[in-house]
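One file, work.txt, is given below (compact mmCIF, C-alpha atoms).
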# COMPACT_ATOMS: atom_id res chain seq x y z
CA MET P 1 97.24 131.78 104.35
CA SER P 2 98.23 129.32 101.64
CA ASN P 3 97.18 125.70 101.83
CA TRP P 4 100.69 124.65 102.72
CA ASP P 5 100.80 127.12 105.63
CA LYS P 6 97.43 125.87 106.78
CA PHE P 7 98.72 122.30 106.66
CA LEU P 8 101.83 123.21 108.68
CA ASP P 9 99.73 125.17 111.14
CA SER P 10 97.48 122.13 111.67
CA PHE P 11 99.94 119.27 111.85
CA PHE P 12 103.21 120.95 112.87
CA ASN P 13 102.02 123.78 115.09
CA ALA P 14 104.98 124.79 117.27
CA ARG P 15 102.89 126.43 119.99
CA VAL P 16 100.61 123.41 120.40
CA ALA P 17 103.60 121.07 120.19
CA ALA P 18 105.41 122.90 122.98
CA GLU P 19 102.28 122.81 125.15
CA TYR P 20 101.57 119.09 124.79
CA LEU P 21 105.08 117.66 124.45
CA PRO P 22 105.44 117.05 128.21
CA LYS P 23 102.17 115.07 128.21
CA ILE P 24 103.33 112.98 125.26
CA ILE P 25 106.65 112.32 127.01
CA ASP P 26 104.78 111.13 130.12
CA GLY P 27 102.74 108.92 127.79
CA PHE P 28 105.94 107.63 126.21
CA TRP P 29 107.24 106.35 129.57
CA LEU P 30 103.84 104.91 130.43
CA THR P 31 103.78 103.01 127.12
CA ILE P 32 107.26 101.64 127.85
CA LEU P 33 106.23 100.65 131.39
CA LEU P 34 103.11 98.87 130.15
CA ALA P 35 105.08 97.13 127.40
CA ALA P 36 107.75 95.97 129.87
CA CYS P 37 105.11 94.62 132.27
CA VAL P 38 103.32 92.77 129.44
CA ILE P 39 106.55 91.27 128.09
CA ALA P 40 107.72 90.10 131.52
CA THR P 41 104.46 88.46 132.63
CA GLY P 42 103.42 87.24 129.19
CA LEU P 43 106.68 85.46 128.33
CA LEU P 44 106.98 83.99 131.82
CA ALA P 45 103.39 82.73 131.90
CA GLY P 46 103.86 81.23 128.45
CA LEU P 47 106.98 79.40 129.61
CA VAL P 48 105.17 78.04 132.67
CA LEU P 49 102.37 76.72 130.46
CA ALA P 50 104.89 75.11 128.08
CA VAL P 51 106.69 73.38 131.01
CA LEU P 52 103.36 72.11 132.36
CA ARG P 53 102.46 70.86 128.89
CA ALA P 54 105.81 69.06 128.60
CA MET P 55 104.94 67.04 131.70
CA GLY P 56 102.36 65.29 129.53
CA ILE P 57 99.32 65.12 131.82
CA ARG P 58 96.42 64.56 129.42
CA PRO P 59 93.50 66.55 130.94
CA LEU P 60 95.88 69.38 131.86
CA ASN P 61 97.19 69.51 128.32
CA TRP P 62 93.67 69.79 126.89
CA LEU P 63 93.04 72.68 129.24
CA ILE P 64 96.29 74.37 128.18
CA ILE P 65 95.56 73.90 124.48
CA PHE P 66 92.07 75.32 124.92
CA THR P 67 93.38 78.34 126.84
CA VAL P 68 96.00 79.00 124.19
CA ASP P 69 93.46 78.70 121.37
CA LEU P 70 91.07 80.97 123.23
CA PHE P 71 93.55 83.82 123.59
CA ARG P 72 94.82 83.40 120.04
CA ALA P 73 91.26 83.68 118.69
CA LEU P 74 89.98 86.63 120.75
CA PRO P 75 90.87 90.16 119.64
CA PRO P 76 92.98 91.85 122.38
CA LEU P 77 90.63 94.83 122.47
CA VAL P 78 87.69 92.53 123.25
CA ILE P 79 89.62 91.06 126.20
CA ILE P 80 90.56 94.52 127.48
CA VAL P 81 86.97 95.72 127.24
CA LEU P 82 85.69 92.55 128.92
CA ILE P 83 88.06 93.00 131.86
CA PHE P 84 87.54 96.74 132.18
CA PHE P 85 83.76 96.95 131.70
CA GLY P 86 82.70 93.41 132.52
CA LEU P 87 84.49 92.40 135.70
CA PRO P 88 83.22 95.36 137.77
CA GLY P 89 79.85 93.57 137.56
CA LEU P 90 81.40 90.97 139.89
CA GLY P 91 82.83 93.65 142.17
CA LEU P 92 86.29 93.35 140.59
CA GLU P 93 87.40 96.85 139.63
CA PHE P 94 90.55 97.16 137.51
CA SER P 95 92.30 100.32 136.43
CA GLY P 96 92.70 100.78 132.67
CA PHE P 97 96.40 100.07 133.03
CA ALA P 98 95.78 96.80 134.89
CA ALA P 99 93.10 95.73 132.41
CA ALA P 100 95.43 96.29 129.45
CA TRP P 101 98.32 94.60 131.28
CA ILE P 102 96.29 91.50 132.12
CA ALA P 103 94.68 91.24 128.67
CA LEU P 104 97.87 91.68 126.65
CA SER P 105 99.77 89.34 128.99
CA LEU P 106 97.18 86.63 128.39
CA VAL P 107 97.51 87.11 124.62
CA LEU P 108 101.31 87.05 124.71
CA MET P 109 101.19 84.04 127.04
CA ALA P 110 99.11 82.11 124.49
CA PHE P 111 101.33 82.93 121.52
CA ALA P 112 104.52 82.38 123.52
CA GLU P 113 103.36 78.97 124.80
CA GLU P 114 102.64 77.88 121.25
CA ILE P 115 106.10 78.98 120.09
CA TYR P 116 107.95 77.45 123.08
CA TRP P 117 106.03 74.24 122.54
CA ALA P 118 106.99 74.11 118.87
CA GLY P 119 110.62 74.55 119.94
CA ILE P 120 110.38 71.84 122.59
CA THR P 121 108.85 69.30 120.24
CA SER P 122 111.60 70.03 117.70
CA VAL P 123 114.16 68.50 120.08
CA PRO P 124 114.46 64.75 119.49
CA LYS P 125 112.91 62.52 122.15
CA GLY P 126 116.24 60.73 122.73
CA GLN P 127 117.52 63.89 124.39
CA TRP P 128 114.81 63.60 127.07
CA GLU P 129 115.39 59.89 127.52
CA ALA P 130 119.19 60.21 127.73
CA SER P 131 119.16 62.95 130.31
CA ARG P 132 116.42 61.31 132.37
CA SER P 133 118.40 58.07 132.39
CA LEU P 134 121.42 59.99 133.66
CA GLY P 135 119.26 60.82 136.65
CA LEU P 136 118.55 64.49 135.92
CA PRO P 137 115.23 65.64 137.34
CA PHE P 138 112.46 66.82 134.98
CA LEU P 139 112.99 70.54 135.46
CA VAL P 140 116.79 70.31 135.12
CA THR P 141 116.38 68.29 131.92
CA PHE P 142 113.96 70.87 130.62
CA LEU P 143 116.02 73.94 131.46
CA LEU P 144 119.57 72.68 130.81
CA VAL P 145 119.12 70.11 128.06
CA ILE P 146 115.97 70.79 126.07
CA MET P 147 115.60 74.59 126.22
CA PRO P 148 119.14 75.45 125.02
CA GLN P 149 118.52 73.35 121.90
CA ALA P 150 115.04 74.73 121.34
CA ILE P 151 115.93 78.38 121.87
CA ARG P 152 117.52 78.92 118.48
CA LEU P 153 114.34 77.92 116.72
CA VAL P 154 112.21 79.87 119.14
CA ILE P 155 113.87 83.28 119.22
CA PRO P 156 112.91 84.76 115.82
CA PRO P 157 109.16 84.03 115.95
CA LEU P 158 109.05 84.91 119.64
CA THR P 159 110.73 88.28 118.99
CA ASN P 160 108.35 89.13 116.18
CA ARG P 161 105.27 88.10 118.10
CA THR P 162 106.39 90.00 121.18
CA ILE P 163 106.91 93.15 119.10
CA ALA P 164 103.48 92.81 117.48
CA ILE P 165 101.70 92.34 120.80
CA THR P 166 103.66 95.16 122.43
CA LYS P 167 102.23 97.49 119.78
CA GLY P 168 98.84 96.56 121.21
CA THR P 169 99.66 98.78 124.21
CA ALA P 170 98.05 101.58 122.15
CA LEU P 171 94.73 99.80 122.78
CA ALA P 172 95.01 100.86 126.42
CA SER P 173 94.00 104.37 125.33
CA VAL P 174 90.49 102.97 124.78
CA VAL P 175 90.15 102.35 128.53
CA ALA P 176 91.43 105.84 129.40
CA VAL P 177 95.11 105.07 129.99
CA PRO P 178 97.13 108.23 129.24
CA ASP P 179 99.76 106.37 127.20
CA ILE P 180 101.18 107.98 124.04
CA LEU P 181 97.96 107.62 122.07
CA GLY P 182 95.76 108.50 125.04
CA ALA P 183 97.78 111.66 125.75
CA ALA P 184 97.77 112.60 122.06
CA GLN P 185 94.01 112.18 121.72
CA ALA P 186 93.40 114.23 124.86
CA GLY P 187 95.71 116.90 123.41
CA VAL P 188 93.76 117.02 120.15
CA SER P 189 90.43 117.46 121.86
CA PHE P 190 91.75 120.21 124.18
CA SER P 191 93.65 122.20 121.55
CA PHE P 192 91.43 121.39 118.57
CA ASN P 193 94.61 120.89 116.58
CA PRO P 194 96.05 117.56 115.38
CA THR P 195 99.69 118.41 116.23
CA PRO P 196 99.61 116.18 119.37
CA LEU P 197 98.74 113.27 117.08
CA THR P 198 101.77 114.07 114.92
CA LEU P 199 103.90 114.09 118.07
CA GLY P 200 102.32 110.81 119.14
CA ALA P 201 103.04 109.18 115.80
CA ALA P 202 106.62 110.43 115.99
CA ALA P 203 106.94 108.99 119.52
CA TYR P 204 105.71 105.60 118.32
CA LEU P 205 108.18 105.66 115.43
CA LEU P 206 110.98 106.59 117.84
CA LEU P 207 110.00 103.64 120.01
CA PHE P 208 109.17 100.96 117.45
CA LEU P 209 111.36 101.66 114.41
CA PRO P 210 114.53 100.51 116.22
CA VAL P 211 112.60 97.54 117.62
CA GLU P 212 111.34 96.67 114.15
CA ILE P 213 114.88 96.80 112.77
CA LEU P 214 116.12 94.69 115.69
CA GLY P 215 113.45 92.13 114.84
CA ARG P 216 114.66 92.00 111.25
CA TRP P 217 118.26 91.55 112.44
CA VAL P 218 117.29 88.76 114.84
CA GLU P 219 115.48 87.00 112.02
CA THR P 220 118.58 86.90 109.79
CA ARG P 221 120.95 86.25 112.69
CA PHE P 222 119.06 83.15 113.82
CA ALA P 223 117.90 82.13 110.36
CA TRP P 224 117.37 78.40 110.01
CA LYS P 225 119.97 77.22 107.53
CA ARG P 226 118.39 74.85 105.04
CA MET C 1 77.99 81.61 140.94
CA ASN C 2 74.55 83.10 140.34
CA ASP C 3 76.07 86.59 140.37
CA PHE C 4 78.56 85.45 137.79
CA LEU C 5 75.90 84.01 135.51
CA GLU C 6 73.76 87.11 135.94
CA ALA C 7 76.70 89.40 135.09
CA PHE C 8 78.04 87.54 132.05
CA PHE C 9 75.42 85.07 130.80
CA SER C 10 72.07 86.68 131.36
CA TRP C 11 69.44 85.08 129.08
CA GLU C 12 67.14 88.01 129.48
CA ILE C 13 69.74 90.54 128.26
CA LEU C 14 70.93 88.28 125.47
CA SER C 15 67.43 87.77 124.12
CA GLU C 16 67.08 91.55 123.86
CA ALA C 17 70.55 92.29 122.51
CA TRP C 18 71.02 89.55 119.97
CA PRO C 19 69.54 91.36 116.93
CA ILE C 20 72.05 94.22 117.14
CA LEU C 21 74.88 91.80 117.95
CA LEU C 22 74.02 89.82 114.85
CA ASP C 23 74.03 93.06 112.91
CA GLY C 24 77.49 93.82 114.31
CA LEU C 25 78.74 90.37 113.36
CA GLY C 26 77.55 91.00 109.80
CA GLN C 27 79.44 94.31 109.75
CA THR C 28 82.58 92.61 111.08
CA LEU C 29 82.42 90.02 108.29
CA LEU C 30 81.76 92.69 105.68
CA LEU C 31 84.64 94.79 106.98
CA SER C 32 86.95 91.77 106.87
CA ALA C 33 85.83 91.04 103.32
CA ILE C 34 86.88 94.59 102.38
CA VAL C 35 90.17 95.00 104.26
CA ILE C 36 91.68 91.53 103.69
CA PRO C 37 91.74 91.72 99.85
CA LEU C 38 92.78 95.38 100.08
CA GLY C 39 95.76 94.57 102.31
CA ALA C 40 96.70 91.42 100.40
CA VAL C 41 96.69 93.12 97.01
CA GLY C 42 98.59 96.10 98.43
CA GLY C 43 101.13 93.77 100.01
CA LEU C 44 101.57 91.71 96.86
CA THR C 45 102.16 94.90 94.89
CA LEU C 46 104.79 96.01 97.42
CA ALA C 47 106.51 92.63 97.25
CA LEU C 48 106.54 92.55 93.44
CA LEU C 49 107.92 96.10 93.31
CA SER C 50 110.65 95.20 95.80
CA THR C 51 111.99 92.53 93.43
CA ALA C 52 113.26 95.50 91.34
CA LYS C 53 117.02 95.66 90.96
CA SER C 54 117.31 99.42 91.44
CA ARG C 55 117.97 100.49 95.01
CA TRP C 56 116.04 103.72 94.29
CA VAL C 57 112.94 101.54 94.18
CA ARG C 58 113.85 99.08 96.91
CA TRP C 59 115.00 101.44 99.65
CA PRO C 60 111.90 103.67 99.72
CA LEU C 61 109.80 100.50 99.81
CA ILE C 62 111.73 99.15 102.79
CA ALA C 63 111.30 102.51 104.55
CA TYR C 64 107.56 102.49 103.77
CA VAL C 65 107.12 98.97 105.13
CA ASP C 66 109.17 99.69 108.26
CA VAL C 67 107.31 102.90 109.07
CA PHE C 68 103.84 101.43 108.69
CA ARG C 69 104.80 98.30 110.59
CA ALA C 70 106.23 100.41 113.40
CA LEU C 71 103.03 102.44 113.92
CA PRO C 72 100.40 100.59 115.97
CA PRO C 73 97.28 100.11 113.78
CA LEU C 74 95.08 101.99 116.23
CA VAL C 75 97.44 105.00 116.05
CA LEU C 76 97.20 104.99 112.24
CA LEU C 77 93.44 104.68 112.39
CA VAL C 78 93.04 107.54 114.86
CA PHE C 79 95.48 109.68 112.88
CA VAL C 80 93.51 109.14 109.67
CA TYR C 81 90.10 109.54 111.28
CA ALA C 82 90.79 112.44 113.63
CA GLY C 83 93.69 114.07 111.82
CA LEU C 84 92.73 114.25 108.15
CA PRO C 85 89.63 116.43 108.66
CA PHE C 86 92.05 119.15 109.82
CA ALA C 87 93.73 118.91 106.41
CA GLY C 88 90.36 119.54 104.79
CA LEU C 89 89.71 115.87 104.04
CA GLU C 90 86.54 114.59 105.68
CA VAL C 91 86.71 110.80 105.81
CA SER C 92 83.88 108.52 106.86
CA ALA C 93 84.57 105.88 109.51
CA ILE C 94 84.71 103.15 106.91
CA GLY C 95 87.01 105.26 104.72
CA ALA C 96 89.37 105.82 107.65
CA VAL C 97 89.35 102.12 108.45
CA ALA C 98 90.07 101.21 104.82
CA ILE C 99 93.00 103.67 104.60
CA GLY C 100 94.46 102.74 107.99
CA PHE C 101 94.17 99.00 107.34
CA PHE C 102 95.55 99.34 103.83
CA LEU C 103 98.67 101.08 105.15
CA ASN C 104 99.20 98.72 108.10
CA THR C 105 98.14 95.29 106.89
CA GLY C 106 99.49 96.03 103.39
CA ALA C 107 102.94 96.48 104.92
CA TYR C 108 102.62 93.18 106.84
CA TYR C 109 101.34 91.24 103.83
CA GLY C 110 104.10 92.84 101.75
CA GLU C 111 106.78 91.58 104.12
CA ILE C 112 105.32 88.05 104.02
CA PHE C 113 105.03 87.94 100.23
CA ARG C 114 108.58 89.30 99.94
CA ALA C 115 109.92 86.51 102.15
CA GLY C 116 107.94 84.06 100.03
CA LEU C 117 109.37 85.34 96.75
CA GLU C 118 112.88 85.21 98.19
CA SER C 119 112.36 81.61 99.31
CA VAL C 120 111.92 80.38 95.73
CA PRO C 121 115.30 79.31 94.31
CA ALA C 122 116.54 81.47 91.40
CA GLY C 123 116.88 78.30 89.31
CA GLN C 124 113.10 78.11 89.01
CA ALA C 125 112.85 81.45 87.20
CA GLU C 126 115.96 80.68 85.14
CA ALA C 127 114.58 77.32 84.02
CA ALA C 128 111.27 78.93 83.07
CA ARG C 129 113.14 81.58 81.07
CA ALA C 130 115.13 78.90 79.30
CA LEU C 131 111.82 77.30 78.31
CA GLY C 132 110.83 80.59 76.70
CA LEU C 133 108.24 81.87 79.19
CA LYS C 134 107.68 85.63 79.40
CA ARG C 135 108.40 87.54 82.61
CA PRO C 136 104.76 87.96 83.74
CA GLN C 137 104.14 84.27 83.02
CA ILE C 138 107.18 83.26 85.06
CA MET C 139 105.99 85.32 88.03
CA ALA C 140 102.34 84.26 87.88
CA LEU C 141 102.76 80.60 86.97
CA ILE C 142 106.12 79.51 88.37
CA VAL C 143 107.41 81.74 91.17
CA LEU C 144 104.27 83.05 92.87
CA PRO C 145 102.53 79.70 93.46
CA GLN C 146 105.66 78.31 95.11
CA ALA C 147 106.16 81.51 97.08
CA VAL C 148 102.61 81.42 98.43
CA ARG C 149 102.92 77.76 99.39
CA ASN C 150 106.14 78.45 101.29
CA VAL C 151 104.62 81.23 103.40
CA LEU C 152 101.07 79.87 103.69
CA PRO C 153 101.13 79.61 107.50
CA ASP C 154 102.26 83.24 107.78
CA LEU C 155 99.56 84.36 105.33
CA VAL C 156 96.85 82.54 107.28
CA SER C 157 98.22 83.88 110.55
CA ASN C 158 98.24 87.46 109.27
CA THR C 159 94.73 87.11 107.90
CA LEU C 160 93.56 85.88 111.31
CA GLU C 161 95.20 88.93 112.90
CA VAL C 162 93.44 91.23 110.40
CA VAL C 163 90.02 89.81 111.24
CA LYS C 164 90.76 90.27 114.96
CA LEU C 165 92.04 93.76 114.26
CA THR C 166 88.70 94.85 112.75
CA SER C 167 87.59 95.19 116.39
CA ILE C 168 89.56 98.46 116.62
CA ALA C 169 87.11 99.97 114.13
CA SER C 170 84.79 100.26 117.14
CA VAL C 171 87.00 103.14 118.31
CA VAL C 172 85.91 105.25 115.34
CA ALA C 173 82.25 104.28 115.84
CA MET C 174 82.00 101.70 113.06
CA PRO C 175 78.99 99.61 114.14
CA GLU C 176 80.86 96.28 114.06
CA LEU C 177 80.56 93.45 116.60
CA LEU C 178 82.56 94.97 119.48
CA PHE C 179 80.97 98.41 119.02
CA GLN C 180 77.45 96.99 119.09
CA ALA C 181 78.30 94.89 122.14
CA ARG C 182 79.63 97.98 123.94
CA GLN C 183 76.47 99.91 123.04
CA ALA C 184 74.28 97.14 124.40
CA GLN C 185 76.44 96.89 127.52
CA SER C 186 76.26 100.61 128.25
CA VAL C 187 72.47 100.59 127.93
CA THR C 188 71.91 97.51 130.08
CA TYR C 189 74.82 97.90 132.55
CA ASN C 190 75.47 94.22 132.02
CA ALA C 191 78.48 92.52 130.43
CA THR C 192 76.47 89.76 128.72
CA PRO C 193 76.58 91.45 125.27
CA ILE C 194 80.40 91.73 125.43
CA MET C 195 80.65 88.13 126.54
CA ALA C 196 78.39 87.14 123.65
CA ALA C 197 80.61 89.08 121.25
CA ALA C 198 83.69 87.30 122.64
CA VAL C 199 81.96 83.94 122.15
CA ALA C 200 81.06 84.92 118.58
CA TYR C 201 84.66 85.86 117.80
CA PHE C 202 85.84 82.59 119.30
CA ILE C 203 83.38 80.44 117.34
CA LEU C 204 84.27 82.32 114.16
CA LEU C 205 88.04 82.12 114.58
CA TRP C 206 88.72 78.90 116.52
CA PRO C 207 88.74 76.75 113.35
CA VAL C 208 91.31 79.11 111.85
CA VAL C 209 93.50 78.88 114.96
CA ARG C 210 93.33 75.06 114.83
CA LEU C 211 94.19 75.04 111.12
CA LEU C 212 97.08 77.40 111.80
CA SER C 213 98.46 75.20 114.58
CA ARG C 214 98.53 72.27 112.18
CA LEU C 215 100.11 74.26 109.35
CA GLU C 216 102.80 75.58 111.70
CA ASN C 217 103.60 72.13 113.05
CA LYS C 218 103.88 70.78 109.53
CA GLN C 219 106.22 73.60 108.53
CA LEU C 220 108.35 72.99 111.59
CA ALA C 221 108.52 69.27 110.95
CA SER C 222 109.80 69.91 107.43
CA ARG C 223 112.63 72.06 108.81
CA ARG C 224 113.83 69.55 111.36
Once more with this new file: its structure as structure tokens, please.
Amino acid sequence: MSNWDKFLDSFFNARVAAEYLPKIIDGFWLTILLAACVIATGLLAGLVLAVLRAMGIRPLNWLIIFTVDLFRALPPLVIIVLIFFGLPGLGLEFSGFAAAWIALSLVLMAFAEEIYWAGITSVPKGQWEASRSLGLPFLVTFLLVIMPQAIRLVIPPLTNRTIAITKGTALASVVAVPDILGAAQAGVSFSFNPTPLTLGAAAYLLLFLPVEILGRWVETRFAWKR
Amino acid sequence: MNDFLEAFFSWEILSEAWPILLDGLGQTLLLSAIVIPLGAVGGLTLALLSTAKSRWVRWPLIAYVDVFRALPPLVLLVFVYAGLPFAGLEVSAIGAVAIGFFLNTGAYYGEIFRAGLESVPAGQAEAARALGLKRPQIMALIVLPQAVRNVLPDLVSNTLEVVKLTSIASVVAMPELLFQARQAQSVTYNATPIMAAAVAYFILLWPVVRLLSRLENKQLASRR
């Protein structure tokens, strides 16, 4: 067998590929589910924090800033491991999926709050004062007056950050979640052939290449004209 | 409350585990000192190459950057570490980390440097040419310094992400901070070592996060 054949047999082995493709496809949907959960809770929690911060209650704001700094400084894998291996010591058992969901949501929440906040502070103060003096309540002012003006500034960095954190779903494989990477690694150790990893890499490209290109498009579409 | 302290902040466990945690912290710093310059130089090279006029140079570079940005870093790392031996290439854990990080963070740094180079008005290079400067001089002395200044917050932010990302080296048994903490945790059945590692990461990186916040606010203010 020539070297080239050996290479093909290792990385593009049709028999192994056929055997483990269903597992990788299951992993593909699990990765998408985890990503969707993280995006939904992370972006929402970040928005809630930003609204609370806009209310301008001093001690609360310090707490929010500290929380945001904390989850921007900690590596996501450390948070996942802490939740998965640490919290059972308090009698709180989480599945790997839940641990990854909570951890990545906290990280996205922190980054999203920071970005929302930057957008909010970019809107001139007069906008707040004018709409408050017209008698609009705080939340209405926030959602109908401030946010629409802030959103243009917010969307490109928020998209990029969300994409980057969504890629962190692969970390869930460390706590035994059979997502794409988890399924691929299991496949490699059962078949003693790296083809499942090739399939896994292809699945990630299928998932994230379009997303990556979307991110690039969003960046030019909403580019800040100087 | 006592249960909580016992589970996460046990003095007894910490006093036993701290030497190996300190060792892990050293490895994390060393690893960062290797992969940050590697990625930054790789990225700068990519960005400089992508200033080429020929699309036969630019398009493959864009494809390269897109592919390695689309693959999660952990996937790349596992592929290099667990996959390459099947191709007859044994790589050590640190070798796998270096290759994986070079491919991933190089692509990210490349994208940032490229944006930076594009942000410098063409007039700067033209003026420098008119003054008789050579091409390498123009790039090194005129364009690059301005480019770096324009994307400084992104560079700092990416560097912070790279340091955090070194924690995934624990997956391929590099004895860095998270790996050592996990070892200590699995021996003692107590989460204190992991908590201590988290605290170490936070103390190490909090100043960077603060700095970044200020840089980002300044950048935003200048765009208003």
Exercise for the section: Would you kindly report the residues of chain P within 6 Å of chain C, using only C-alpha atoms, as a ChimeraX atom specification? Expected result: /P:73-75,86,89,167,194,205,208-209
Handout entry: Neighbour list for Ile102 of chain P as an NGL selection string, cut-off 9 Å, all atoms listed in the file, skip fewer than 6 positions in-chain
Key = :P and (38 or 41-42 or 79-80 or 83)
Keeping C-alpha atoms for every residue in the selection just given, could you write it to a file as a short mmCIF file (atom, residue, chain, number, x, y, z; two decimals), in the coordinates of the input?
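Heads up, here's the output in result.cif:
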data_model
loop_
_atom_site.label_atom_id
_atom_site.label_comp_id
_atom_site.auth_asym_id
_atom_site.auth_seq_id
_atom_site.Cartn_x
_atom_site.Cartn_y
_atom_site.Cartn_z
CA VAL P 38 103.32 92.77 129.44
CA THR P 41 104.46 88.46 132.63
CA GLY P 42 103.42 87.24 129.19
CA ILE P 79 89.62 91.06 126.20
CA ILE P 80 90.56 94.52 127.48
CA ILE P 83 88.06 93.00 131.86
#
Practice task
Could you give me, as a PyMOL selection string, the residues within 8 Å of Asn160 of chain P, counting only C-alpha atoms and dropping anything in the same chain fewer than 4 positions from it?
Solution key: chain P and resi 156+164+215
Practice task
For segment 143-149 of chain P, list every protein, DNA or RNA residue within 12 Å, evaluated using all atoms listed in the file, and leave out those in the same chain fewer than 2 positions away; present the list as a PyMOL selection string.
Solution key: chain P and resi 47-48+50-51+54+116-132+134+136-141+151-155
Handout entry: Residue neighbourhood Ile142 of chain C, 8 Å, all atoms listed in the file, exclusion window fewer than 3 positions, as an MDAnalysis selection string
Key = chainID C and resid 124:125 128 137:139 145:146
Atoms kept (C-alpha atoms) for selection, written as a JSON list (two decimals), in the coordinates of the input:
[["chain", "number", "residue", "atom", "x", "y", "z"],
["C", 124, "GLN", "CA", 113.10, 78.11, 89.01],
["C", 125, "ALA", "CA", 112.85, 81.45, 87.20],
["C", 128, "ALA", "CA", 111.27, 78.93, 83.07],
["C", 137, "GLN", "CA", 104.14, 84.27, 83.02],
["C", 138, "ILE", "CA", 107.18, 83.26, 85.06],
["C", 139, "MET", "CA", 105.99, 85.32, 88.03],
["C", 145, "PRO", "CA", 102.53, 79.70, 93.46],
["C", 146, "GLN", "CA", 105.66, 78.31, 95.11]]
Handout entry: Among the residues C:Gly39, C:Gly110, C:Pro153, C:Pro175, the one that comes closest to Thr51 of chain C [using only C-alpha atoms]
Key =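 Of the candidates, the smallest distance to Thr51 of chain C is held by C:Gly110.
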Handout entry: Nearest-residue call for Ala147 of chain C, choices C:Ala184, C:Leu44, C:Ala52, C:Leu215, using only C-alpha atoms
Key =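 With only C-alpha atoms as the atom set, the closest residue is C:Leu44.
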Practice task
Can you work out the spacing between atom CA of Glu16 of chain C and atom CA of Ser32 of chain C in Å, to one decimal?
Solution key: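 Separation between atom CA of Glu16 of chain C and atom CA of Ser32 of chain C: 26.1 Å.
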Practice task
Determine, counting all atoms listed in the file, which protein, DNA and RNA residues have an atom within 12 Å of an atom of Arg114 of chain C; residues of the same chain fewer than 3 positions away are not included. Present the result as an MDAnalysis selection string.
Solution key: chainID C and resid 43:52 58 61:62 65 106:111 117:120 143:144 147:148 150:151 154:155
Problem - Separation of atom CA of Ile32 of chain P from atom CA of Val188 of chain P in Å - result: 21.9 Å
Exercise for the section: Would you please work out which residue, of P:Phe222, P:Phe192, P:Phe85, P:Phe94, is nearest to Asp9 of chain P when using all atoms listed in the file? Expected result: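 The shortest atom-to-atom distance to Asp9 of chain P comes from P:Phe192.
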Please determine an axis-aligned box that encloses all atoms of segment 40-44 of chain C listed in the file, with 5 Å added on each side, and express its centre and edge lengths in Å to one decimal as lines of an AutoDock Vina configuration file.
center_x = 99.1
center_y = 93.8
center_z = 98.6
size_x = 14.9
size_y = 14.7
size_z = 13.5
Exercise for the section: Could you jot down the atom CA of Thr169 of chain P to atom CA of Ala202 of chain P separation for me, Å, one decimal place? Expected result: 15.9 Å
Show me as a compact mmCIF listing (two decimals) with C-alpha atoms, in the coordinates of the input the residues that reach within 9 Å of (72.8, 90.9, 120.0), counting all atoms listed in the file and using the file's own coordinates.
# COMPACT_ATOMS: atom_id res chain seq x y z
CA ILE C 13 69.74 90.54 128.26
CA LEU C 14 70.93 88.28 125.47
CA SER C 15 67.43 87.77 124.12
CA GLU C 16 67.08 91.55 123.86
CA ALA C 17 70.55 92.29 122.51
CA TRP C 18 71.02 89.55 119.97
CA PRO C 19 69.54 91.36 116.93
CA ILE C 20 72.05 94.22 117.14
CA LEU C 21 74.88 91.80 117.95
CA LEU C 22 74.02 89.82 114.85
CA ASP C 23 74.03 93.06 112.91
CA GLY C 24 77.49 93.82 114.31
CA LEU C 25 78.74 90.37 113.36
CA LEU C 177 80.56 93.45 116.60
CA GLN C 180 77.45 96.99 119.09
CA ALA C 181 78.30 94.89 122.14
CA ALA C 184 74.28 97.14 124.40
CA PRO C 193 76.58 91.45 125.27
CA ALA C 196 78.39 87.14 123.65
CA ALA C 197 80.61 89.08 121.25
Handout entry: Selection as a ChimeraX atom specification: residues within 10 Å of (97.3, 75.0, 123.1), counting all atoms listed in the file
Key = /P:49-50,53,61-72,110-111,113-114,117 /C:209-210,213
